[in-house]
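Below is one structure; the comments refer to it alone.
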Amino acid sequence: MAHRSLSMDTLAIHAGQEPDPQHAAVMEPIVLASTFGQPEPGKPLRYEYSRSGNPTRHALERCLAELEGGSDGFAFSSGSGAALTMLSLLRPGDHVVCGDDVYGGTFRLLDKVLKPMGVSISFLDMRQPARVAEACTPATRLIWLETPTNPMLKVFDIAAIAAIAQERRLPLVVDNTFASPYLQNPLALGASVVMHSTTKYINGHSDVVGGALITKDPALAEQLRFYQNALGAVPSPFDCYLVLRGLKTLAVRMRQHVTNAQQIAERLEQHPRVQRVHYPGLKSHPDHELCGRQMRGPGGMISVVVGGGEAGAKRFLSALRLFTLAESLGGVESLAEHPAIMTHASIPRAQREAVGIEDGLVRLSVGVEGLEDLWDDLERALALLGPAQSG
Ligand code: P1T
């Protein structure tokens, strides 16, 4: 079935999922077999062994590839497994240019796993793309960024950075977890590989840990296929089924995430107990214009600095009832967390503070519940704080 001209709403429901010839089942079957019979030695039919390929996983991989406009998708057992598989293409002596604001686990992977293997990394604010060009050395082999970034919600110009990468024949990997394919397609802007923690918006129901890599570069696809099988960080067929099921509502969920988050960000900005709001949908956000050009909506994540520093943030978080205090994001339910203590604790304090992850910073994953219920919860928790100091 050719899907390329279909809308994202339709693709999320149908892409990669062919009609079942045996039973006409309308949902993708879960094929749990770990291995597949071969008619003669070394001549498998479509599938051979479920680490190298599985029908349920294949349906998810096709769906993700189509949603991102790629030719090949690869599913993993976590976003971190996807990142490690991508980074396994590097060799000792290689250099990576990486955005300065990435998920704490991605920083840890680069700093504590790749660095001891002889890979050097430069972390930098990519809001001025020229800085990316300056940071490249003859040893640079990869450019890596998240946009919007976790947790500061900075927006980097994918097309401008992709042009720099292409000039140097370097692959650009964009972690698109915060946007989801519904709001942003990095491959169309020149990126070589899109990465997702499918744990987040793609699955959308906080009941699977998963990851994905998508590309339209045939050489990279071949390498990723080899490394996916060789490293083996693959998801179970059952998890692939759950992600496919979650994906069906991606478009409707994302629209509601954006509507709720925009309203909440605007109200928080006016609230006397809030010092600062980071949300690219606000006119006050330094990357607001770029967000409007690059994304189809500013997403469902908001970071706020509440009054009273760490104590204020802890008080606020403990008082929330509808927002669950928990790591992760992108599920239908709203979550709140403290990046400095939780998701980004593995980043040294000085480096954390340099990007703006201060002790009063709280990150909100705005769910799809009723807007006024969410606002009541936030307002009640904010009322417990003293007035914010300006600045
Ligand atoms: O948790 P995992 O599926 O392994 O994905 C890692 C990951 C990668 N990239 C981004 C942008 C992420 O946000 C994450 C995971 N993040 C959280 C758990 C969090 O609360 O920020």
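Starting from 1 in every chain, residues are counted up; chains themselves are A, B, ... following the order of the structure tokens, and ligands are numbered from 1 as listed.
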
Query - Nearby polymer residues, ligand 1, at most 7 Å, only C-alpha atoms and all ligand atoms, as a list in words - result: Ser78, Gly79, Ser80, Gly81, Val102, Tyr103, Gly105, Thr106, Glu146, Asn150, Asp175, Thr177, Phe178, His196, Ser197, Thr198, Thr199, Val209, Gly210, Gly211, Glu327, Ser328, Leu329 and Thr343 of chain A

N, CA and C atoms of the current selection, written as an mmCIF file, in the first residue's frame:
```
data_model
loop_
_atom_site.group_PDB
_atom_site.id
_atom_site.type_symbol
_atom_site.label_atom_id
_atom_site.label_comp_id
_atom_site.auth_asym_id
_atom_site.auth_seq_id
_atom_site.Cartn_x
_atom_site.Cartn_y
_atom_site.Cartn_z
ATOM 1 N N SER A 78 14.771 0.260 24.251
ATOM 2 C CA SER A 78 14.664 1.545 24.963
ATOM 3 C C SER A 78 15.235 2.634 24.062
ATOM 4 N N GLY A 79 14.949 3.875 24.408
ATOM 5 C CA GLY A 79 15.578 4.983 23.684
ATOM 6 C C GLY A 79 17.091 4.923 23.867
ATOM 7 N N SER A 80 17.512 4.551 25.070
ATOM 8 C CA SER A 80 18.950 4.470 25.336
ATOM 9 C C SER A 80 19.586 3.356 24.510
ATOM 10 N N GLY A 81 18.866 2.248 24.307
ATOM 11 C CA GLY A 81 19.363 1.171 23.450
ATOM 12 C C GLY A 81 19.493 1.642 22.008
ATOM 13 N N VAL A 102 20.755 17.816 26.663
ATOM 14 C CA VAL A 102 20.205 16.519 26.248
ATOM 15 C C VAL A 102 19.724 15.783 27.495
ATOM 16 N N TYR A 103 18.878 14.781 27.297
ATOM 17 C CA TYR A 103 18.420 13.932 28.410
ATOM 18 C C TYR A 103 19.643 13.458 29.214
ATOM 19 N N GLY A 105 20.377 10.763 30.676
ATOM 20 C CA GLY A 105 20.859 9.427 30.321
ATOM 21 C C GLY A 105 21.673 9.438 29.031
ATOM 22 N N THR A 106 21.349 10.350 28.119
ATOM 23 C CA THR A 106 22.123 10.467 26.873
ATOM 24 C C THR A 106 23.488 11.080 27.190
ATOM 25 N N GLU A 146 19.147 17.227 20.283
ATOM 26 C CA GLU A 146 17.721 17.087 20.600
ATOM 27 C C GLU A 146 17.087 18.429 20.301
ATOM 28 N N ASN A 150 15.710 18.729 26.163
ATOM 29 C CA ASN A 150 15.252 18.207 27.450
ATOM 30 C C ASN A 150 16.249 18.641 28.521
ATOM 31 N N ASP A 175 17.386 13.666 17.920
ATOM 32 C CA ASP A 175 16.481 13.009 18.868
ATOM 33 C C ASP A 175 15.173 13.801 18.857
ATOM 34 N N THR A 177 12.289 12.998 20.212
ATOM 35 C CA THR A 177 11.374 12.482 21.240
ATOM 36 C C THR A 177 10.383 13.532 21.727
ATOM 37 N N PHE A 178 10.866 14.766 21.976
ATOM 38 C CA PHE A 178 9.987 15.791 22.552
ATOM 39 C C PHE A 178 8.930 16.274 21.557
ATOM 40 N N HIS A 196 14.119 8.196 18.497
ATOM 41 C CA HIS A 196 13.008 8.401 19.431
ATOM 42 C C HIS A 196 13.177 7.519 20.649
ATOM 43 N N SER A 197 12.817 8.054 21.799
ATOM 44 C CA SER A 197 12.432 7.200 22.909
ATOM 45 C C SER A 197 10.942 6.985 22.689
ATOM 46 N N THR A 198 10.568 5.798 22.209
ATOM 47 C CA THR A 198 9.143 5.534 21.937
ATOM 48 C C THR A 198 8.351 5.369 23.235
ATOM 49 N N THR A 199 9.097 5.304 24.348
ATOM 50 C CA THR A 199 8.502 5.325 25.695
ATOM 51 C C THR A 199 7.562 6.513 25.856
ATOM 52 N N VAL A 209 8.731 0.695 27.616
ATOM 53 C CA VAL A 209 10.012 1.386 27.403
ATOM 54 C C VAL A 209 10.512 0.925 26.038
ATOM 55 N N GLY A 210 10.784 1.866 25.156
ATOM 56 C CA GLY A 210 11.209 1.487 23.808
ATOM 57 C C GLY A 210 11.941 2.616 23.104
ATOM 58 N N GLY A 211 12.544 2.289 21.973
ATOM 59 C CA GLY A 211 13.273 3.309 21.210
ATOM 60 C C GLY A 211 13.228 3.016 19.732
ATOM 61 N N GLU A 327 9.517 10.607 36.752
ATOM 62 C CA GLU A 327 10.305 10.795 35.537
ATOM 63 C C GLU A 327 9.448 10.375 34.346
ATOM 64 N N SER A 328 9.942 10.671 33.176
ATOM 65 C CA SER A 328 9.316 10.360 31.892
ATOM 66 C C SER A 328 8.319 11.441 31.469
ATOM 67 N N LEU A 329 7.720 11.249 30.332
ATOM 68 C CA LEU A 329 6.892 12.269 29.681
ATOM 69 C C LEU A 329 6.131 11.625 28.530
ATOM 70 N N THR A 343 15.829 13.547 36.455
ATOM 71 C CA THR A 343 16.241 13.101 35.108
ATOM 72 C C THR A 343 17.635 13.554 34.677
#
```

Query - Neighbour list for Ala221 of chain A as a ChimeraX atom specification, cut-off 10 Å, only C-alpha atoms, skip fewer than 4 positions in-chain - result: /A:70-74,193,213-217,225-227

Write to file, as a CSV table (one decimal), in the first residue's frame, the residues of the selection just made, with N, CA and C atoms.
```csv
chain,number,residue,atom,x,y,z
A,70,GLY,N,11.0,8.2,6.4
A,70,GLY,CA,12.2,7.4,6.1
A,70,GLY,C,12.0,6.2,5.3
A,71,SER,N,13.1,5.6,4.8
A,71,SER,CA,12.9,4.3,4.1
A,71,SER,C,13.0,3.1,5.0
A,72,ASP,N,13.7,3.3,6.2
A,72,ASP,CA,14.0,2.2,7.1
A,72,ASP,C,13.8,2.6,8.5
A,73,GLY,N,13.1,1.8,9.3
A,73,GLY,CA,13.0,2.1,10.7
A,73,GLY,C,13.5,0.9,11.5
A,74,PHE,N,14.1,1.2,12.7
A,74,PHE,CA,14.6,0.1,13.6
A,74,PHE,C,14.1,0.4,15.0
A,193,VAL,N,19.6,10.8,10.5
A,193,VAL,CA,18.9,9.7,11.3
A,193,VAL,C,18.0,10.5,12.4
A,213,LEU,N,15.2,4.2,15.7
A,213,LEU,CA,16.1,4.9,14.8
A,213,LEU,C,15.5,4.8,13.4
A,214,ILE,N,15.4,6.0,12.7
A,214,ILE,CA,14.8,6.0,11.3
A,214,ILE,C,15.8,6.7,10.4
A,215,THR,N,15.9,6.2,9.2
A,215,THR,CA,16.8,6.9,8.2
A,215,THR,C,16.2,6.7,6.8
A,216,LYS,N,16.7,7.5,5.9
A,216,LYS,CA,16.4,7.3,4.5
A,216,LYS,C,17.7,7.1,3.7
A,217,ASP,N,18.8,7.0,4.4
A,217,ASP,CA,20.1,6.8,3.8
A,217,ASP,C,20.4,5.3,3.7
A,225,ARG,N,21.0,-1.9,10.5
A,225,ARG,CA,20.4,-3.2,10.5
A,225,ARG,C,21.5,-4.2,11.1
A,226,PHE,N,22.7,-4.0,10.7
A,226,PHE,CA,23.8,-4.9,11.2
A,226,PHE,C,23.9,-4.7,12.7
A,227,TYR,N,24.0,-3.5,13.2
A,227,TYR,CA,24.2,-3.2,14.6
A,227,TYR,C,23.0,-3.6,15.5
```

Report task. Write down as a list in words the residues belonging to segment 174-231 of chain A that are assigned strand (DSSP E or B) by DSSP computed on the backbone. Result ->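 Here is the list: Val174, Asp175, Val193, Val194, Met195, His196, Ser197, Gly211, Ala212, Leu213, Ile214 and Thr215 of chain A.
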
**Report entry** All helix (DSSP H, G or I) residues (DSSP, backbone) inside segment 150-381 of chain A, as a ChimeraX atom specification
**Finding:** /A:158-167,180-183,186-189,218-231,237-247,250-270,288-294,309-319,349-355,371-381

Find the residues near segment 361-377 of chain A: any atom within 7 Å, counting only C-alpha atoms, skip ones fewer than 4 places away on the same chain, and give them as a PDB file with N, CA, C and O atoms, in the first residue's frame.
```
ATOM      1  N   PRO A 151      15.924  19.489  29.473  1.00  0.00           N
ATOM      2  CA  PRO A 151      14.579  19.992  29.777  1.00  0.00           C
ATOM      3  C   PRO A 151      14.356  21.470  29.466  1.00  0.00           C
ATOM      4  O   PRO A 151      13.304  21.999  29.811  1.00  0.00           O
ATOM      5  N   ARG A 253      -3.878  12.726  20.162  1.00  0.00           N
ATOM      6  CA  ARG A 253      -3.217  13.012  21.441  1.00  0.00           C
ATOM      7  C   ARG A 253      -2.362  14.269  21.331  1.00  0.00           C
ATOM      8  O   ARG A 253      -2.400  15.143  22.188  1.00  0.00           O
ATOM      9  N   GLN A 256      -4.176  17.525  21.442  1.00  0.00           N
ATOM     10  CA  GLN A 256      -4.651  17.885  22.780  1.00  0.00           C
ATOM     11  C   GLN A 256      -3.493  18.281  23.712  1.00  0.00           C
ATOM     12  O   GLN A 256      -3.624  19.201  24.518  1.00  0.00           O
ATOM     13  N   HIS A 257      -2.350  17.585  23.579  1.00  0.00           N
ATOM     14  CA  HIS A 257      -1.169  17.968  24.373  1.00  0.00           C
ATOM     15  C   HIS A 257      -0.819  19.432  24.086  1.00  0.00           C
ATOM     16  O   HIS A 257      -0.549  20.215  25.002  1.00  0.00           O
ATOM     17  N   ASN A 260      -3.508  21.978  25.462  1.00  0.00           N
ATOM     18  CA  ASN A 260      -3.413  22.123  26.913  1.00  0.00           C
ATOM     19  C   ASN A 260      -2.139  22.851  27.319  1.00  0.00           C
ATOM     20  O   ASN A 260      -2.156  23.742  28.179  1.00  0.00           O
ATOM     21  N   ALA A 261      -1.004  22.457  26.715  1.00  0.00           N
ATOM     22  CA  ALA A 261       0.277  23.036  27.129  1.00  0.00           C
ATOM     23  C   ALA A 261       0.339  24.530  26.797  1.00  0.00           C
ATOM     24  O   ALA A 261       0.841  25.331  27.595  1.00  0.00           O
ATOM     25  N   ILE A 264      -1.703  26.370  29.404  1.00  0.00           N
ATOM     26  CA  ILE A 264      -1.066  26.329  30.722  1.00  0.00           C
ATOM     27  C   ILE A 264       0.175  27.208  30.749  1.00  0.00           C
ATOM     28  O   ILE A 264       0.402  27.952  31.707  1.00  0.00           O
ATOM     29  N   GLY A 300       4.079  19.420  24.092  1.00  0.00           N
ATOM     30  CA  GLY A 300       3.364  19.320  25.362  1.00  0.00           C
ATOM     31  C   GLY A 300       4.243  19.461  26.586  1.00  0.00           C
ATOM     32  O   GLY A 300       3.787  19.197  27.699  1.00  0.00           O
ATOM     33  N   MET A 301       5.513  19.861  26.400  1.00  0.00           N
ATOM     34  CA  MET A 301       6.441  19.967  27.527  1.00  0.00           C
ATOM     35  C   MET A 301       6.670  21.434  27.904  1.00  0.00           C
ATOM     36  O   MET A 301       6.875  22.279  27.029  1.00  0.00           O
ATOM     37  N   ILE A 302       6.645  21.694  29.202  1.00  0.00           N
ATOM     38  CA  ILE A 302       6.886  23.051  29.710  1.00  0.00           C
ATOM     39  C   ILE A 302       7.871  22.929  30.863  1.00  0.00           C
ATOM     40  O   ILE A 302       7.738  22.027  31.697  1.00  0.00           O
ATOM     41  N   SER A 303       8.865  23.833  30.928  1.00  0.00           N
ATOM     42  CA  SER A 303       9.701  23.915  32.129  1.00  0.00           C
ATOM     43  C   SER A 303       9.472  25.267  32.774  1.00  0.00           C
ATOM     44  O   SER A 303       9.378  26.289  32.081  1.00  0.00           O
ATOM     45  N   VAL A 304       9.363  25.267  34.108  1.00  0.00           N
ATOM     46  CA  VAL A 304       9.103  26.520  34.823  1.00  0.00           C
ATOM     47  C   VAL A 304      10.050  26.653  36.000  1.00  0.00           C
ATOM     48  O   VAL A 304      10.413  25.653  36.629  1.00  0.00           O
ATOM     49  N   VAL A 305      10.424  27.882  36.293  1.00  0.00           N
ATOM     50  CA  VAL A 305      11.187  28.155  37.516  1.00  0.00           C
ATOM     51  C   VAL A 305      10.194  28.739  38.507  1.00  0.00           C
ATOM     52  O   VAL A 305       9.584  29.783  38.243  1.00  0.00           O
ATOM     53  N   VAL A 306      10.004  28.009  39.616  1.00  0.00           N
ATOM     54  CA  VAL A 306       9.074  28.509  40.634  1.00  0.00           C
ATOM     55  C   VAL A 306       9.866  29.256  41.698  1.00  0.00           C
ATOM     56  O   VAL A 306      11.084  29.088  41.819  1.00  0.00           O
ATOM     57  N   ALA A 313      10.513  24.329  44.774  1.00  0.00           N
ATOM     58  CA  ALA A 313      10.200  23.328  43.744  1.00  0.00           C
ATOM     59  C   ALA A 313       9.706  22.041  44.389  1.00  0.00           C
ATOM     60  O   ALA A 313       8.730  21.430  43.932  1.00  0.00           O
ATOM     61  N   LEU A 320       1.227  18.660  44.197  1.00  0.00           N
ATOM     62  CA  LEU A 320       0.422  18.340  43.010  1.00  0.00           C
ATOM     63  C   LEU A 320      -0.336  17.032  43.206  1.00  0.00           C
ATOM     64  O   LEU A 320       0.171  16.100  43.836  1.00  0.00           O
ATOM     65  N   ARG A 321      -1.543  16.961  42.693  1.00  0.00           N
ATOM     66  CA  ARG A 321      -2.338  15.724  42.824  1.00  0.00           C
ATOM     67  C   ARG A 321      -2.606  15.079  41.473  1.00  0.00           C
ATOM     68  O   ARG A 321      -2.389  13.902  41.286  1.00  0.00           O
ATOM     69  N   LEU A 322      -3.061  15.866  40.501  1.00  0.00           N
ATOM     70  CA  LEU A 322      -3.332  15.280  39.180  1.00  0.00           C
ATOM     71  C   LEU A 322      -2.030  15.020  38.428  1.00  0.00           C
ATOM     72  O   LEU A 322      -1.881  14.011  37.743  1.00  0.00           O
ATOM     73  N   LEU A 329       7.720  11.249  30.332  1.00  0.00           N
ATOM     74  CA  LEU A 329       6.892  12.269  29.681  1.00  0.00           C
ATOM     75  C   LEU A 329       6.131  11.625  28.530  1.00  0.00           C
ATOM     76  O   LEU A 329       6.378  10.483  28.166  1.00  0.00           O
ATOM     77  N   GLY A 330       5.215  12.415  27.980  1.00  0.00           N
ATOM     78  CA  GLY A 330       4.592  12.021  26.718  1.00  0.00           C
ATOM     79  C   GLY A 330       3.433  11.066  26.846  1.00  0.00           C
ATOM     80  O   GLY A 330       2.880  10.632  25.834  1.00  0.00           O
ATOM     81  N   GLY A 331       3.036  10.713  28.059  1.00  0.00           N
ATOM     82  CA  GLY A 331       1.866   9.859  28.221  1.00  0.00           C
ATOM     83  C   GLY A 331       0.603  10.703  28.282  1.00  0.00           C
ATOM     84  O   GLY A 331       0.660  11.933  28.435  1.00  0.00           O
ATOM     85  N   VAL A 332      -0.557  10.041  28.205  1.00  0.00           N
ATOM     86  CA  VAL A 332      -1.824  10.772  28.264  1.00  0.00           C
ATOM     87  C   VAL A 332      -2.007  11.455  29.624  1.00  0.00           C
ATOM     88  O   VAL A 332      -2.710  12.451  29.733  1.00  0.00           O
ATOM     89  N   GLU A 333      -1.342  10.912  30.660  1.00  0.00           N
ATOM     90  CA  GLU A 333      -1.490  11.494  31.996  1.00  0.00           C
ATOM     91  C   GLU A 333      -0.391  12.535  32.226  1.00  0.00           C
ATOM     92  O   GLU A 333       0.716  12.396  31.735  1.00  0.00           O
ATOM     93  N   SER A 334      -0.705  13.554  33.005  1.00  0.00           N
ATOM     94  CA  SER A 334       0.277  14.611  33.253  1.00  0.00           C
ATOM     95  C   SER A 334       1.294  14.167  34.307  1.00  0.00           C
ATOM     96  O   SER A 334       0.930  13.521  35.298  1.00  0.00           O
ATOM     97  N   LEU A 335       2.553  14.531  34.056  1.00  0.00           N
ATOM     98  CA  LEU A 335       3.636  14.223  34.996  1.00  0.00           C
ATOM     99  C   LEU A 335       4.404  15.508  35.299  1.00  0.00           C
ATOM    100  O   LEU A 335       4.427  16.439  34.490  1.00  0.00           O
ATOM    101  N   ALA A 336       5.032  15.527  36.470  1.00  0.00           N
ATOM    102  CA  ALA A 336       5.908  16.647  36.831  1.00  0.00           C
ATOM    103  C   ALA A 336       7.150  16.074  37.481  1.00  0.00           C
ATOM    104  O   ALA A 336       7.096  15.020  38.115  1.00  0.00           O
ATOM    105  N   GLU A 337       8.282  16.761  37.305  1.00  0.00           N
ATOM    106  CA  GLU A 337       9.525  16.260  37.898  1.00  0.00           C
ATOM    107  C   GLU A 337      10.516  17.389  38.102  1.00  0.00           C
ATOM    108  O   GLU A 337      10.328  18.509  37.609  1.00  0.00           O
ATOM    109  N   HIS A 338      11.590  17.067  38.835  1.00  0.00           N
ATOM    110  CA  HIS A 338      12.629  18.036  39.172  1.00  0.00           C
ATOM    111  C   HIS A 338      13.912  17.614  38.450  1.00  0.00           C
ATOM    112  O   HIS A 338      14.613  16.702  38.918  1.00  0.00           O
ATOM    113  N   PRO A 339      14.239  18.211  37.296  1.00  0.00           N
ATOM    114  CA  PRO A 339      15.373  17.729  36.494  1.00  0.00           C
ATOM    115  C   PRO A 339      16.696  17.646  37.267  1.00  0.00           C
ATOM    116  O   PRO A 339      17.421  16.659  37.136  1.00  0.00           O
ATOM    117  N   ILE A 357      19.647  24.548  34.101  1.00  0.00           N
ATOM    118  CA  ILE A 357      18.903  23.600  34.945  1.00  0.00           C
ATOM    119  C   ILE A 357      19.166  23.977  36.402  1.00  0.00           C
ATOM    120  O   ILE A 357      20.014  23.413  37.075  1.00  0.00           O
ATOM    121  N   ALA A 381      -1.199  24.191  43.949  1.00  0.00           N
ATOM    122  CA  ALA A 381       0.168  23.922  44.410  1.00  0.00           C
ATOM    123  C   ALA A 381       0.995  25.210  44.422  1.00  0.00           C
ATOM    124  O   ALA A 381       1.811  25.428  45.329  1.00  0.00           O
TER     125      ALA A 381
END
```

**Report entry** Straight-line distance linking atom CA of Tyr241 of chain A with atom CA of Arg57 of chain A, stated in Å to one decimal
**Finding:**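 One can read the atom CA of Tyr241 of chain A to atom CA of Arg57 of chain A distance as 7.7 Å.
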
Query raised in the report: Skipping near chain neighbours, those fewer than 4 positions away, what residues fall within 10 Å of Gln166 of chain A using only C-alpha atoms, listed as a list in words?
Result: Ile161, Ala162, Leu170, Pro171, Leu172, Gly190, Ala191 and Ser192 of chain A

Report task. In Å, rounded to a single decimal, give me how far atom CA of Val208 of chain A is from atom CA of Asp239 of chain A. Result ->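 Atom CA of Val208 of chain A lies 6.3 Å from atom CA of Asp239 of chain A.
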
Query raised in the report: Looking at A:Met117, A:Leu382, A:Ala133, A:Leu67, which one is nearest to Cys98 of chain A, with distances taken over only C-alpha atoms?
Result: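 Of the candidates, the smallest distance to Cys98 of chain A is held by A:Ala133.
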
Query raised in the report: atom CA of Ile143 of chain A and atom CA of Val96 of chain A are how many Å apart?
Result: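 These atoms are spaced 5.8 Å apart.
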
Query - Surrounding residues of Asp157 of chain A excluding itself and chain neighbours under 2 positions, 12 Å, only C-alpha atoms, as a ChimeraX atom specification - result: /A:99,125-130,132,145-149,154-155,159-164,174,184,186,189-191,287-295

Query raised in the report: Within 8 Å of Arg91 of chain A, counting only C-alpha atoms, which residues qualify if same-chain residues fewer than 2 places away don't, as an MDAnalysis selection string?
Result: chainID A and resid 88:89 93:94 118:119

I need the residues from that last selection saved to file as a tab-separated table (two decimals), in the first residue's frame (with C-alpha atoms), if you can.
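And here is the file that came out, out-v2.tsv:
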```tsv
chain	number	residue	atom	x	y	z
A	88	SER	CA	28.33	2.03	18.22
A	89	LEU	CA	29.21	3.22	14.71
A	93	GLY	CA	39.68	8.70	18.36
A	94	ASP	CA	36.37	9.87	16.88
A	118	GLY	CA	38.19	6.84	23.36
A	119	VAL	CA	35.44	8.99	21.84
```

Query - Counting only C-alpha atoms, the residue of A:Ala165, A:Val355, A:Met195, A:Ala59 that sits nearest Asp20 of chain A - result: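 Closest to Asp20 of chain A, using only C-alpha atoms: A:Ala59.
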